[in-house]
>>> print(open('my_file-v3.txt').read())   # compact mmCIF, C-alpha atoms
# COMPACT_ATOMS: atom_id res chain seq x y z
CA MET B 1 86.25 -46.36 101.68
CA SER B 2 83.69 -43.64 101.08
CA ARG B 3 84.25 -40.09 102.23
CA ARG B 4 81.34 -40.35 104.59
CA SER B 5 82.74 -43.50 106.19
CA VAL B 6 86.09 -41.88 106.65
CA ALA B 7 84.46 -38.81 108.11
CA THR B 8 82.63 -40.88 110.70
CA ILE B 9 85.83 -42.29 112.09
CA VAL B 10 87.83 -39.12 112.06
CA VAL B 11 88.33 -37.62 115.45
CA LEU B 12 87.71 -34.07 116.23
CA LEU B 13 89.58 -31.01 116.91
CA ALA B 14 87.63 -29.04 119.40
CA PHE B 15 88.87 -25.77 120.62
CA ALA B 16 88.32 -24.34 124.07
CA LEU B 17 89.77 -27.23 126.03
CA PRO B 18 90.79 -26.36 129.57
CA ALA B 19 93.29 -29.21 129.72
CA ALA B 20 94.97 -28.31 126.45
CA ALA B 21 95.70 -25.29 124.32
CA HIS B 22 92.99 -24.70 121.79
CA GLN B 23 93.72 -24.42 118.13
CA PRO B 24 92.35 -21.17 116.82
CA VAL B 25 93.55 -21.69 113.32
CA MET B 26 91.55 -24.85 113.16
CA ASP B 27 88.69 -22.67 114.16
CA MET B 28 88.76 -21.37 110.61
CA ALA B 29 89.04 -24.73 108.90
CA PRO B 30 87.48 -26.88 107.65
CA ARG B 31 84.67 -24.46 106.98
CA TRP B 32 83.52 -26.15 103.79
CA LYS B 33 80.60 -28.50 103.49
CA GLY B 34 81.75 -32.10 103.84
CA GLY B 35 85.20 -31.04 105.00
CA TRP B 36 87.08 -33.05 107.55
CA GLY B 37 90.44 -33.04 109.19
CA PHE B 38 92.59 -34.48 111.90
CA GLN B 39 95.43 -33.23 114.02
CA LEU B 40 98.19 -34.80 116.06
CA ARG B 41 99.28 -32.67 118.97
CA TYR B 42 101.75 -32.99 121.81
CA GLU B 43 101.49 -31.04 125.02
CA GLN B 44 103.93 -30.90 127.92
CA TYR B 45 103.99 -28.96 131.18
CA GLY B 46 105.35 -29.28 134.70
CA SER B 47 107.57 -27.83 137.37
CA ASP B 48 109.07 -28.27 140.82
CA ARG B 49 107.91 -24.88 142.08
CA LEU B 50 105.86 -25.33 145.23
CA GLN B 51 103.36 -22.62 146.07
CA SER B 52 100.98 -21.75 148.85
CA GLY B 53 98.48 -19.38 147.31
CA GLU B 54 100.48 -16.86 145.34
CA SER B 55 103.71 -17.39 147.20
CA LYS B 56 106.54 -19.71 146.40
CA ILE B 57 107.52 -21.80 149.41
CA ASP B 58 110.41 -24.08 150.22
CA ASN B 59 110.26 -27.52 148.66
CA PRO B 60 112.51 -29.73 150.84
CA PHE B 61 110.93 -32.96 149.60
CA GLY B 62 111.35 -32.07 145.95
CA LEU B 63 107.68 -32.21 145.09
CA ASP B 64 107.16 -31.89 141.35
CA LYS B 65 105.01 -32.91 138.43
CA SER B 66 105.50 -33.62 134.74
CA VAL B 67 102.63 -34.13 132.31
CA HIS B 68 102.91 -35.29 128.70
CA THR B 69 99.81 -35.67 126.58
CA ALA B 70 99.48 -36.73 122.95
CA TRP B 71 96.19 -35.79 121.35
CA LEU B 72 94.51 -37.27 118.31
CA GLU B 73 91.84 -34.79 117.29
CA GLY B 74 89.49 -34.61 114.39
CA ILE B 75 86.59 -32.74 112.95
CA TYR B 76 83.84 -33.16 110.37
CA THR B 77 81.96 -30.20 108.90
CA PHE B 78 78.41 -30.91 107.83
CA ARG B 79 78.05 -27.35 106.66
CA ARG B 80 79.80 -24.13 107.61
CA GLU B 81 77.42 -23.56 110.53
CA PHE B 82 77.65 -27.02 112.06
CA ARG B 83 80.48 -29.43 112.73
CA LEU B 84 81.36 -32.25 115.10
CA SER B 85 84.66 -32.72 116.88
CA VAL B 86 86.43 -35.34 118.99
CA LYS B 87 89.64 -35.20 121.00
CA ILE B 88 91.32 -38.36 122.24
CA PRO B 89 94.19 -37.93 124.72
CA TYR B 90 96.96 -40.32 125.65
CA VAL B 91 98.45 -39.27 128.95
CA ASP B 92 101.83 -40.06 130.47
CA HIS B 93 102.40 -38.21 133.72
CA ASN B 94 104.23 -38.46 136.99
CA ARG B 95 104.53 -36.42 140.14
CA THR B 96 106.30 -36.52 143.49
CA VAL B 97 103.93 -36.36 146.42
CA ILE B 98 104.08 -36.93 150.13
CA GLU B 99 103.30 -40.55 150.99
CA ASN B 100 100.37 -40.84 153.30
CA THR B 101 100.45 -44.47 154.35
CA VAL B 102 100.94 -45.52 157.95
CA ILE B 103 104.39 -46.95 157.26
CA LYS B 104 105.81 -44.16 155.13
CA ARG B 105 103.83 -41.13 156.24
CA GLY B 106 105.64 -37.96 155.32
CA SER B 107 108.03 -39.47 152.79
CA PRO B 108 108.17 -38.32 149.17
CA VAL B 109 107.07 -40.86 146.61
CA LYS B 110 106.80 -40.77 142.83
CA ILE B 111 103.39 -41.69 141.44
CA ARG B 112 102.65 -42.28 137.77
CA GLY B 113 99.89 -42.85 135.32
CA ARG B 114 99.86 -43.74 131.65
CA GLY B 115 97.11 -44.45 129.17
CA LEU B 116 93.97 -43.19 127.54
CA GLY B 117 92.59 -40.01 129.08
CA ASP B 118 89.09 -38.58 129.04
CA VAL B 119 87.71 -38.14 125.53
CA ILE B 120 86.03 -34.86 124.62
CA ILE B 121 83.23 -34.49 122.09
CA GLY B 122 82.19 -31.05 120.89
CA MET B 123 79.62 -29.61 118.54
CA PRO B 124 80.70 -26.17 117.28
CA LEU B 125 77.79 -24.10 116.03
CA LYS B 126 79.08 -21.20 114.00
CA ARG B 127 77.83 -18.08 112.35
CA TYR B 128 80.12 -16.69 109.66
CA THR B 129 80.25 -13.21 108.24
CA ASN B 130 82.18 -12.64 105.02
CA ASP B 131 83.09 -9.07 104.18
CA PRO B 132 85.06 -8.00 101.09
CA ALA B 133 88.39 -7.92 102.93
CA ALA B 134 87.68 -9.79 106.14
CA THR B 135 85.94 -12.81 107.57
CA SER B 136 84.67 -13.45 111.06
CA ASN B 137 82.61 -15.91 113.02
CA ILE B 138 81.04 -16.42 116.39
CA ALA B 139 80.57 -19.89 117.76
CA LEU B 140 78.76 -21.62 120.56
CA THR B 141 80.25 -25.02 121.39
CA PRO B 142 78.63 -27.42 123.81
CA GLN B 143 81.04 -30.16 124.88
CA VAL B 144 81.10 -33.30 126.96
CA ARG B 145 84.14 -34.95 128.51
CA LEU B 146 83.62 -38.66 128.99
CA PRO B 147 85.12 -40.86 131.75
CA THR B 148 87.19 -42.97 129.36
CA GLY B 149 90.44 -42.56 131.26
CA SER B 150 91.53 -45.10 133.81
CA THR B 151 91.20 -44.27 137.51
CA SER B 152 93.28 -47.23 138.70
CA ASP B 153 96.79 -45.80 138.26
CA ALA B 154 98.53 -44.19 141.21
CA TRP B 155 98.01 -40.94 139.36
CA PRO B 156 94.90 -41.66 137.27
CA THR B 157 94.72 -40.57 133.66
CA GLY B 158 91.00 -39.92 134.07
CA ASP B 159 88.86 -38.83 136.96
CA GLY B 160 85.87 -41.09 136.39
CA SER B 161 83.38 -38.28 135.92
CA THR B 162 81.31 -36.98 133.04
CA ASP B 163 81.86 -33.26 132.62
CA TRP B 164 79.90 -30.72 130.61
CA GLY B 165 81.27 -27.63 128.96
CA LEU B 166 80.15 -24.64 126.97
CA SER B 167 82.28 -22.23 125.02
CA LEU B 168 81.54 -18.91 123.35
CA SER B 169 84.14 -17.78 120.87
CA ALA B 170 84.67 -15.11 118.26
CA SER B 171 87.30 -14.68 115.61
CA TRP B 172 88.04 -12.02 113.06
CA GLU B 173 90.58 -12.09 110.29
CA ARG B 174 91.94 -9.87 107.57
CA TYR B 175 94.82 -10.79 105.28
CA HIS B 176 97.49 -9.56 107.71
CA ILE B 177 95.75 -9.83 111.07
CA TYR B 178 94.08 -12.64 112.98
CA GLN B 179 92.22 -12.43 116.28
CA PHE B 180 90.49 -15.16 118.28
CA TYR B 181 88.75 -14.93 121.66
CA ASP B 182 87.21 -17.76 123.61
CA LEU B 183 85.31 -17.85 126.89
CA PHE B 184 84.40 -21.26 128.25
CA TYR B 185 83.09 -23.04 131.34
CA TRP B 186 83.40 -26.66 132.45
CA LYS B 187 81.03 -28.16 134.97
CA ASN B 188 83.03 -31.03 136.47
CA GLY B 189 81.17 -34.00 137.85
CA ASP B 190 82.10 -36.03 140.90
CA GLY B 191 84.75 -38.57 140.06
CA LYS B 192 85.94 -41.85 141.49
CA ARG B 193 88.48 -42.52 144.26
CA GLY B 194 87.49 -39.26 145.91
CA ILE B 195 88.54 -37.18 142.90
CA ASP B 196 86.36 -34.10 142.67
CA GLN B 197 87.87 -31.34 140.60
CA GLY B 198 86.20 -27.98 140.73
CA ASP B 199 84.36 -26.26 137.94
CA GLU B 200 86.50 -24.18 135.64
CA LEU B 201 86.10 -20.85 133.86
CA GLY B 202 88.60 -19.97 131.16
CA PHE B 203 89.44 -17.26 128.69
CA ASP B 204 91.85 -17.43 125.76
CA ALA B 205 92.99 -14.82 123.29
CA ASN B 206 95.14 -15.26 120.22
CA ILE B 207 96.34 -12.34 118.16
CA GLY B 208 98.40 -12.97 115.04
CA TRP B 209 100.15 -11.05 112.30
CA HIS B 210 100.55 -12.61 108.86
CA PRO B 211 103.70 -11.37 107.14
CA VAL B 212 104.42 -14.07 104.58
CA HIS B 213 102.18 -15.84 102.06
CA ASP B 214 102.77 -17.24 98.58
CA ASN B 215 99.66 -17.49 96.40
CA LEU B 216 101.18 -20.01 93.99
CA THR B 217 102.01 -22.59 96.66
CA ASP B 218 99.32 -21.54 99.19
CA SER B 219 101.98 -21.48 101.86
CA GLY B 220 103.23 -19.12 104.49
CA TRP B 221 103.74 -18.62 108.19
CA PHE B 222 102.72 -16.28 110.94
CA PRO B 223 103.44 -15.60 114.58
CA MET B 224 100.82 -15.10 117.26
CA LEU B 225 100.58 -14.11 120.88
CA ASP B 226 98.56 -16.42 123.11
CA VAL B 227 97.13 -15.21 126.43
CA SER B 228 95.20 -17.56 128.70
CA ALA B 229 93.39 -17.15 132.00
CA ARG B 230 91.90 -19.89 134.19
CA TRP B 231 89.78 -19.90 137.32
CA GLU B 232 89.22 -23.33 138.85
CA GLN B 233 87.20 -23.94 141.99
CA ARG B 234 88.81 -25.73 144.90
CA GLY B 235 88.73 -29.48 144.46
CA LEU B 236 90.48 -32.72 145.25
CA ASP B 237 92.53 -35.31 143.45
CA VAL B 238 94.52 -38.32 144.68
CA ALA B 239 97.36 -36.07 145.89
CA GLY B 240 95.34 -33.38 147.62
CA THR B 241 93.90 -29.96 146.87
CA THR B 242 93.38 -28.70 143.34
CA GLY B 243 92.16 -25.43 141.92
CA GLY B 244 93.25 -21.83 141.71
CA LYS B 245 93.76 -19.00 139.28
CA ARG B 246 96.41 -18.49 136.70
CA LEU B 247 97.36 -16.21 133.85
CA SER B 248 99.84 -17.30 131.22
CA ALA B 249 101.08 -16.06 127.88
CA GLY B 250 103.55 -16.91 125.18
CA PRO B 251 104.47 -16.95 121.52
CA VAL B 252 103.00 -19.18 118.84
CA VAL B 253 104.41 -19.89 115.38
CA VAL B 254 102.26 -21.35 112.63
CA TRP B 255 103.36 -22.69 109.25
CA TYR B 256 101.01 -23.91 106.52
CA ARG B 257 100.98 -25.22 102.98
CA GLY B 258 97.82 -26.18 101.18
CA GLY B 259 95.74 -28.24 103.58
CA VAL B 260 98.53 -28.81 106.12
CA MET B 261 99.20 -26.64 109.11
CA ALA B 262 101.80 -27.01 111.85
CA ARG B 263 102.02 -25.05 115.05
CA ALA B 264 104.37 -24.70 118.01
CA GLU B 265 103.89 -22.63 121.12
CA LEU B 266 105.37 -21.84 124.48
CA ARG B 267 103.35 -20.57 127.38
CA TYR B 268 104.74 -19.08 130.58
CA PRO B 269 102.86 -18.57 133.85
CA LEU B 270 102.65 -14.87 134.58
CA TYR B 271 100.51 -15.21 137.68
CA GLU B 272 99.33 -18.17 139.76
CA ASP B 273 97.25 -18.23 142.92
CA LEU B 274 96.78 -21.86 143.99
CA LYS B 275 94.36 -23.31 146.48
CA GLY B 276 96.24 -24.78 149.43
CA VAL B 277 99.77 -26.02 148.75
CA GLN B 278 100.36 -27.25 145.23
CA VAL B 279 103.07 -27.59 142.62
CA SER B 280 102.81 -24.89 139.98
CA ARG B 281 101.71 -25.89 136.50
CA GLY B 282 104.92 -24.39 135.18
CA PRO B 283 105.78 -23.48 131.61
CA GLU B 284 104.03 -25.30 128.80
CA PHE B 285 105.10 -26.47 125.38
CA ASN B 286 102.63 -27.46 122.71
CA THR B 287 103.18 -28.57 119.11
CA GLY B 288 101.04 -30.18 116.49
CA ILE B 289 100.33 -30.78 112.84
CA GLY B 290 96.93 -30.87 111.22
CA PHE B 291 95.52 -31.95 107.87
CA VAL B 292 92.26 -30.88 106.26
CA PHE B 293 90.50 -32.50 103.33
CA MET Y 1 115.32 14.54 64.27
CA ARG Y 2 114.36 10.91 64.02
CA LEU Y 3 116.67 10.05 66.92
CA LYS Y 4 115.13 12.82 69.00
CA LEU Y 5 111.66 11.44 68.36
CA MET Y 6 112.63 7.82 68.86
CA PHE Y 7 113.72 8.25 72.45
CA PRO Y 8 110.49 9.74 73.85
CA LEU Y 9 108.45 7.37 71.67
CA SER Y 10 110.37 4.37 72.95
CA PHE Y 11 110.08 5.56 76.50
CA SER Y 12 106.34 6.09 76.05
CA MET Y 13 105.89 2.61 74.64
CA ILE Y 14 107.83 1.08 77.51
CA ALA Y 15 105.81 3.09 80.03
CA ILE Y 16 102.52 2.11 78.44
CA THR Y 17 103.55 -1.53 78.42
CA ALA Y 18 104.71 -1.40 82.04
CA PHE Y 19 101.48 0.08 83.34
CA ALA Y 20 99.06 -1.70 81.02
CA GLU Y 21 96.92 -4.67 82.09
CA PRO Y 22 98.68 -8.05 81.65
CA ASP Y 23 98.45 -9.38 78.12
CA GLN Y 24 95.42 -11.65 78.02
CA SER Y 25 95.24 -12.05 74.28
CA ASN Y 26 95.57 -15.82 74.65
CA ASP Y 27 94.06 -16.08 78.08
CA HIS Y 28 90.76 -17.55 79.06
CA ARG Y 29 90.04 -16.60 82.62
CA ALA Y 30 87.31 -16.26 85.17
CA VAL Y 31 88.20 -13.70 87.81
CA ILE Y 32 86.05 -13.93 90.92
CA GLU Y 33 85.95 -11.42 93.76
CA VAL Y 34 85.16 -13.42 96.90
CA ALA Y 35 84.11 -11.96 100.23
CA GLY Y 36 86.14 -13.20 103.17
CA VAL Y 37 88.81 -15.23 101.43
CA VAL Y 38 91.81 -13.92 103.37
CA CYS Y 39 93.31 -17.26 104.42
CA SER Y 40 94.33 -19.98 101.96
CA PHE Y 41 94.29 -22.75 104.57
CA CYS Y 42 90.73 -21.78 105.49
CA ALA Y 43 89.80 -21.71 101.81
CA HIS Y 44 91.41 -25.05 100.99
CA GLY Y 45 88.02 -26.63 100.52
CA THR Y 46 86.90 -23.90 98.16
CA GLN Y 47 89.98 -24.48 96.05
CA LYS Y 48 89.28 -28.21 95.99
CA ASN Y 49 85.66 -27.64 95.01
CA LEU Y 50 86.67 -25.36 92.13
CA ALA Y 51 89.42 -27.73 90.99
CA ARG Y 52 86.77 -30.40 90.37
CA LEU Y 53 85.00 -28.29 87.74
CA ASP Y 54 85.39 -29.86 84.32
CA PHE Y 55 85.87 -26.67 82.31
CA LEU Y 56 89.24 -25.66 83.72
CA ASP Y 57 92.63 -25.66 82.08
CA THR Y 58 94.48 -27.70 84.67
CA SER Y 59 97.85 -27.09 83.04
CA GLU Y 60 97.91 -23.66 84.66
CA PHE Y 61 98.32 -22.45 88.23
CA GLY Y 62 100.08 -25.53 89.51
CA SER Y 63 98.01 -28.50 88.54
CA ASP Y 64 94.41 -27.53 89.11
CA GLY Y 65 93.74 -24.35 87.16
CA VAL Y 66 92.85 -22.41 90.30
CA LEU Y 67 94.79 -19.43 91.64
CA MET Y 68 93.83 -18.20 95.10
CA GLU Y 69 94.98 -14.63 95.74
CA VAL Y 70 94.12 -14.18 99.38
CA ASP Y 71 95.96 -10.86 99.51
CA ARG Y 72 93.44 -9.51 96.98
CA GLN Y 73 90.43 -11.65 98.00
CA ARG Y 74 90.28 -12.95 94.45
CA ILE Y 75 90.18 -16.33 92.78
CA THR Y 76 91.23 -16.77 89.16
CA LEU Y 77 90.23 -19.81 87.15
CA ALA Y 78 92.11 -20.82 84.02
CA LEU Y 79 89.41 -21.85 81.54
CA ASP Y 80 89.50 -24.50 78.87
CA PRO Y 81 88.92 -22.53 75.65
CA ASP Y 82 86.87 -25.38 74.20
CA ARG Y 83 84.41 -25.69 77.09
CA PRO Y 84 81.68 -23.32 78.28
CA ILE Y 85 81.84 -22.05 81.82
CA ASP Y 86 79.06 -22.91 84.26
CA LEU Y 87 78.73 -19.86 86.49
CA ASP Y 88 76.21 -21.53 88.79
CA ALA Y 89 78.68 -24.33 89.43
CA VAL Y 90 81.37 -21.77 90.20
CA ARG Y 91 79.14 -19.95 92.67
CA GLY Y 92 78.04 -23.22 94.26
CA ALA Y 93 81.62 -24.37 94.73
CA ILE Y 94 82.47 -21.14 96.52
CA VAL Y 95 79.36 -21.09 98.72
CA ASP Y 96 79.85 -24.75 99.68
CA GLY Y 97 83.42 -23.79 100.48
CA GLY Y 98 82.20 -21.37 103.10
CA TYR Y 99 82.56 -18.08 101.22
CA ASP Y 100 80.42 -15.66 99.24
CA PRO Y 101 81.17 -14.67 95.64
CA ILE Y 102 80.80 -10.95 94.94
CA SER Y 103 81.41 -10.75 91.20
CA ILE Y 104 82.60 -12.93 88.34
CA GLU Y 105 84.34 -11.65 85.20
CA VAL Y 106 84.82 -14.01 82.29
CA TRP Y 107 87.59 -13.27 79.81
CA ARG Y 108 88.00 -14.94 76.44
CA ASP Y 109 91.00 -14.19 74.21
CA GLY Y 110 91.78 -11.10 76.21
CA GLN Y 111 88.29 -9.68 75.87
CA ILE Y 112 85.80 -9.49 78.67
CA GLU Y 113 82.89 -11.73 77.81
CA SER Y 114 80.65 -11.17 80.82
CA ARG Y 115 80.58 -9.61 84.26
CA GLN Y 116 78.08 -10.53 86.94
>>> encode(input="my_file-v3.txt", output="C-alpha cells")
Amino acid sequence: MSRRSVATIVVLLAFALPAAAHQPVMDMAPRWKGGWGFQLRYEQYGSDRLQSGESKIDNPFGLDKSVHTAWLEGIYTFRREFRLSVKIPYVDHNRTVIENTVIKRGSPVKIRGRGLGDVIIGMPLKRYTNDPAATSNIALTPQVRLPTGSTSDAWPTGDGSTDWGLSLSASWERYHIYQFYDLFYWKNGDGKRGIDQGDELGFDANIGWHPVHDNLTDSGWFPMLDVSARWEQRGLDVAGTTGGKRLSAGPVVVWYRGGVMARAELRYPLYEDLKGVQVSRGPEFNTGIGFVF
Amino acid sequence: MRLKLMFPLSFSMIAITAFAEPDQSNDHRAVIEVAGVVCSFCAHGTQKNLARLDFLDTSEFGSDGVLMEVDRQRITLALDPDRPIDLDAVRGAIVDGGYDPISIEVWRDGQIESRQ
C-alpha cells in the first residue's frame, strides 16, 4: 500500500477540541512534508456532585454521570504549513437523571448511550519560525464536527447537529521549556430530539519543562501543567439544561522515544458555575499514545 | 631532574588531551547547525529524511548514521568515506523536515573539508 494511500485513511489528531483535551505535543509533529501519524486516546470524567450555579446542593436522588470516550485520531501533513486532521470518538456514557414520564415522574433513572460519536475534521494552517535555539508556530484551525453519532440512545452519543469551530493557537519551545496556548470557539448547530447545546468559547494553556533527553535513543520525558477554561452558553440536552463556566488544571506527563509519544494527565475542576441545576463535570483522566511516520 | 620534568609534562599532555577536540582522525562527518531543532520527536521526520541519503555510514549512531543533538541544535551525519556528500540533498532533507539549516561543516579524516 502506497504512502499516499495510507495517509488518506489515517485519521487526524486535531487539537483544540472542547470535548476532549487537546494534544499540544502533537501540535509540533508531524511537521515534515508527507508526514502522518495516528493516536489512540482514552478520556474519562464524571461525578455525583450536584450544583446550582456555583454552589453545591444536596443530591438526595444520587444524580451522577460517567463518560468514557476512546478516540482514534490521525493527521497528514502536506507541508509544514498545512495539514489535515480527523478525530473519531467512541462514546460509552451513563448518567442518573430524574424520570419525567407520567408514571414515574420524579424518580431517578439511569440512562445510557454507547457508540460512535460526532467526528471532527480539522485543517491546521501553521506558520513556523525557527530560531537558532528555539522554534515556534502560530496556527489557525477551522474545524467541523459532523453529526455521525447516534441520537437514538437514551443518552445520545451525538446531538444530530453540524457544528463549526475555529481555533487560534501559538506554541514556543526551547530545549528545556515548552509553552502552548489555544483559544477556540465552537458554533453549535441545532440538534435532534430537542438537543440544542450552546456555543462554546475555550482557552487552554500547557507549560512544560524538559529535564531528561537522550540523544542516542531520541528518548526522554517531561512534565507539564495544563490549565483549561470553558464558557458554554445555556443550552438543552435530553436531561435538561446545559452550559456554564469552568476552570480546571492538572499535571501532565509525557514520555517519548523516536516517533512514539505517550501521555497521561489528570485535570481537576477549580471553579464551576453551571447553568440551572446540573451534575459537575468532575475530575478528568486522559491518556494516549501516538505514532508519527 | 628527568622525574621533575616528567610530571608537569605528563600533566600537560593529559590536560591538552582532555580539553582538545575529539579525535576525528578517522572520522568522516557532516556537522549541521539547524535552527529550531529542540525536540527530537518533532524532528523525527527530519531524521528519517536524512537517514535515506545514500552517502551515510549507517554503522554509526544506532543504525542510520544520523545523530540528533537537540540540546545543541545540531545534527551530525556519519559519512561513507567512499562516497561524496550531496549538500543540496542534506539541506532539502532538513527543509522538508520542517527546519532550517544554518551551517554545514564537512570533515574528512579529521580535517575540515568545507564549511557553508
>>> closest_residue(input="my_file-v3.txt", among="Y:Asp27, Y:Glu60, Y:Glu69, Y:Asp109", to="chain B", atoms="all atoms listed in the file")
Y:Glu69
>>> interface_residues(input="my_file-v3.txt", of="chain B", to="chain Y", cutoff="9 Å", atoms="only C-alpha atoms", output="number ranges by chain")
B: 25-35, 79-80, 128-136, 173-176, 213-219, 256-261, 292-293
>>> residues_near_point(input="my_file-v3.txt", point="(82.5, -5.7, 81.5)", cutoff="12 Å", atoms="all atoms listed in the file", output="MDAnalysis selection string")
chainID Y and resid 31 103:108 110:116
>>> residues_around(input="my_file-v3.txt", residues="region 154-157 of chain B", least_positions_apart="3", cutoff="6 Å", atoms="all atoms listed in the file", output="PDB file with C-alpha atoms, in the frame of the given file")
ATOM      1  CA  ILE B 111     103.390 -41.690 141.440  1.00  0.00           C
ATOM      2  CA  ARG B 112     102.650 -42.280 137.770  1.00  0.00           C
ATOM      3  CA  GLY B 113      99.890 -42.850 135.320  1.00  0.00           C
ATOM      4  CA  GLY B 117      92.590 -40.010 129.080  1.00  0.00           C
ATOM      5  CA  GLY B 149      90.440 -42.560 131.260  1.00  0.00           C
ATOM      6  CA  SER B 150      91.530 -45.100 133.810  1.00  0.00           C
ATOM      7  CA  THR B 151      91.200 -44.270 137.510  1.00  0.00           C
TER       8      THR B 151
END
>>> atom_distance(input="my_file-v3.txt", atom1="CA of Leu274 (chain B)", atom2="CA of Ile195 (chain B)")
17.4 Å
>>> residues_around(input="my_file-v3.txt", residues="region 44-55 of chain B", least_positions_apart="4", cutoff="8 Å", atoms="only C-alpha atoms", output="tab-separated table (two decimals) with C-alpha atoms, in the frame of the given file")
chain	number	residue	atom	x	y	z
B	59	ASN	CA	110.26	-27.52	148.66
B	62	GLY	CA	111.35	-32.07	145.95
B	63	LEU	CA	107.68	-32.21	145.09
B	64	ASP	CA	107.16	-31.89	141.35
B	65	LYS	CA	105.01	-32.91	138.43
B	66	SER	CA	105.50	-33.62	134.74
B	67	VAL	CA	102.63	-34.13	132.31
B	68	HIS	CA	102.91	-35.29	128.70
B	69	THR	CA	99.81	-35.67	126.58
B	271	TYR	CA	100.51	-15.21	137.68
B	272	GLU	CA	99.33	-18.17	139.76
B	273	ASP	CA	97.25	-18.23	142.92
B	274	LEU	CA	96.78	-21.86	143.99
B	275	LYS	CA	94.36	-23.31	146.48
B	276	GLY	CA	96.24	-24.78	149.43
B	277	VAL	CA	99.77	-26.02	148.75
B	278	GLN	CA	100.36	-27.25	145.23
B	279	VAL	CA	103.07	-27.59	142.62
B	280	SER	CA	102.81	-24.89	139.98
B	281	ARG	CA	101.71	-25.89	136.50
B	282	GLY	CA	104.92	-24.39	135.18
B	283	PRO	CA	105.78	-23.48	131.61
B	284	GLU	CA	104.03	-25.30	128.80
B	285	PHE	CA	105.10	-26.47	125.38
B	286	ASN	CA	102.63	-27.46	122.71
>>> residues_around(input="my_file-v3.txt", residues="Gln179 (chain B)", least_positions_apart="2", cutoff="6 Å", atoms="all atoms listed in the file", output="PyMOL selection string")
chain B and resi 171-172+206-207
>>> residues_around(input="my_file-v3.txt", residues="region 137-141 of chain B", least_positions_apart="5", cutoff="9 Å", atoms="all atoms listed in the file", output="PyMOL selection string")
chain B and resi 14-16+28+81+122-130+165-172+184
>>> residues_near_point(input="my_file-v3.txt", point="(90.5, -19.2, 135.5)", cutoff="6 Å", atoms="only C-alpha atoms", output="PyMOL selection string")
chain B and resi 201-202+229-232+245
>>> atom_distance(input="my_file-v3.txt", atom1="CA of Leu84 (chain B)", atom2="CA of Ile121 (chain B)")
7.6 Å
>>> residues_around(input="my_file-v3.txt", residues="Leu40 (chain B)", least_positions_apart="6", cutoff="8 Å", atoms="only C-alpha atoms", output="MDAnalysis selection string")
chainID B and resid 70:73 288:290
>>> write_last_selection(input="my_file-v3.txt", atoms="C-alpha atoms", output="PDB file, in the coordinates of the input")
ATOM      1  CA  ALA B  70      99.480 -36.730 122.950  1.00  0.00           C
ATOM      2  CA  TRP B  71      96.190 -35.790 121.350  1.00  0.00           C
ATOM      3  CA  LEU B  72      94.510 -37.270 118.310  1.00  0.00           C
ATOM      4  CA  GLU B  73      91.840 -34.790 117.290  1.00  0.00           C
ATOM      5  CA  GLY B 288     101.040 -30.180 116.490  1.00  0.00           C
ATOM      6  CA  ILE B 289     100.330 -30.780 112.840  1.00  0.00           C
ATOM      7  CA  GLY B 290      96.930 -30.870 111.220  1.00  0.00           C
TER       8      GLY B 290
END
>>> atom_distance(input="my_file-v3.txt", atom1="CA of Leu87 (chain Y)", atom2="CA of His28 (chain Y)")
14.3 Å
>>> build_atoms(input="my_file-v3.txt", residues="region 72-80 of chain Y", atoms="N, CA, C and O atoms", output="PDB file, in the coordinates of the input")
ATOM      1  N   ARG Y  72      94.346 -10.363  97.754  1.00  0.00           N
ATOM      2  CA  ARG Y  72      93.440  -9.510  96.980  1.00  0.00           C
ATOM      3  C   ARG Y  72      91.990 -10.000  97.060  1.00  0.00           C
ATOM      4  O   ARG Y  72      91.118  -9.455  96.399  1.00  0.00           O
ATOM      5  N   GLN Y  73      91.781 -11.056  97.857  1.00  0.00           N
ATOM      6  CA  GLN Y  73      90.430 -11.650  98.000  1.00  0.00           C
ATOM      7  C   GLN Y  73      89.850 -11.976  96.622  1.00  0.00           C
ATOM      8  O   GLN Y  73      88.704 -11.630  96.291  1.00  0.00           O
ATOM      9  N   ARG Y  74      90.664 -12.671  95.838  1.00  0.00           N
ATOM     10  CA  ARG Y  74      90.280 -12.950  94.450  1.00  0.00           C
ATOM     11  C   ARG Y  74      90.715 -14.360  94.083  1.00  0.00           C
ATOM     12  O   ARG Y  74      91.775 -14.835  94.508  1.00  0.00           O
ATOM     13  N   ILE Y  75      89.862 -15.001  93.315  1.00  0.00           N
ATOM     14  CA  ILE Y  75      90.180 -16.330  92.780  1.00  0.00           C
ATOM     15  C   ILE Y  75      90.139 -16.236  91.267  1.00  0.00           C
ATOM     16  O   ILE Y  75      89.179 -15.695  90.698  1.00  0.00           O
ATOM     17  N   THR Y  76      91.173 -16.757  90.621  1.00  0.00           N
ATOM     18  CA  THR Y  76      91.230 -16.770  89.160  1.00  0.00           C
ATOM     19  C   THR Y  76      91.212 -18.215  88.683  1.00  0.00           C
ATOM     20  O   THR Y  76      91.980 -19.040  89.169  1.00  0.00           O
ATOM     21  N   LEU Y  77      90.314 -18.478  87.744  1.00  0.00           N
ATOM     22  CA  LEU Y  77      90.230 -19.810  87.150  1.00  0.00           C
ATOM     23  C   LEU Y  77      90.796 -19.748  85.726  1.00  0.00           C
ATOM     24  O   LEU Y  77      90.442 -18.842  84.964  1.00  0.00           O
ATOM     25  N   ALA Y  78      91.645 -20.685  85.393  1.00  0.00           N
ATOM     26  CA  ALA Y  78      92.110 -20.820  84.020  1.00  0.00           C
ATOM     27  C   ALA Y  78      91.099 -21.701  83.278  1.00  0.00           C
ATOM     28  O   ALA Y  78      90.834 -22.831  83.696  1.00  0.00           O
ATOM     29  N   LEU Y  79      90.509 -21.165  82.223  1.00  0.00           N
ATOM     30  CA  LEU Y  79      89.410 -21.850  81.540  1.00  0.00           C
ATOM     31  C   LEU Y  79      89.907 -22.614  80.312  1.00  0.00           C
ATOM     32  O   LEU Y  79      90.809 -22.153  79.610  1.00  0.00           O
ATOM     33  N   ASP Y  80      89.281 -23.746  80.104  1.00  0.00           N
ATOM     34  CA  ASP Y  80      89.500 -24.500  78.870  1.00  0.00           C
ATOM     35  C   ASP Y  80      88.808 -23.745  77.740  1.00  0.00           C
ATOM     36  O   ASP Y  80      87.593 -23.516  77.809  1.00  0.00           O
TER      37      ASP Y  80
END
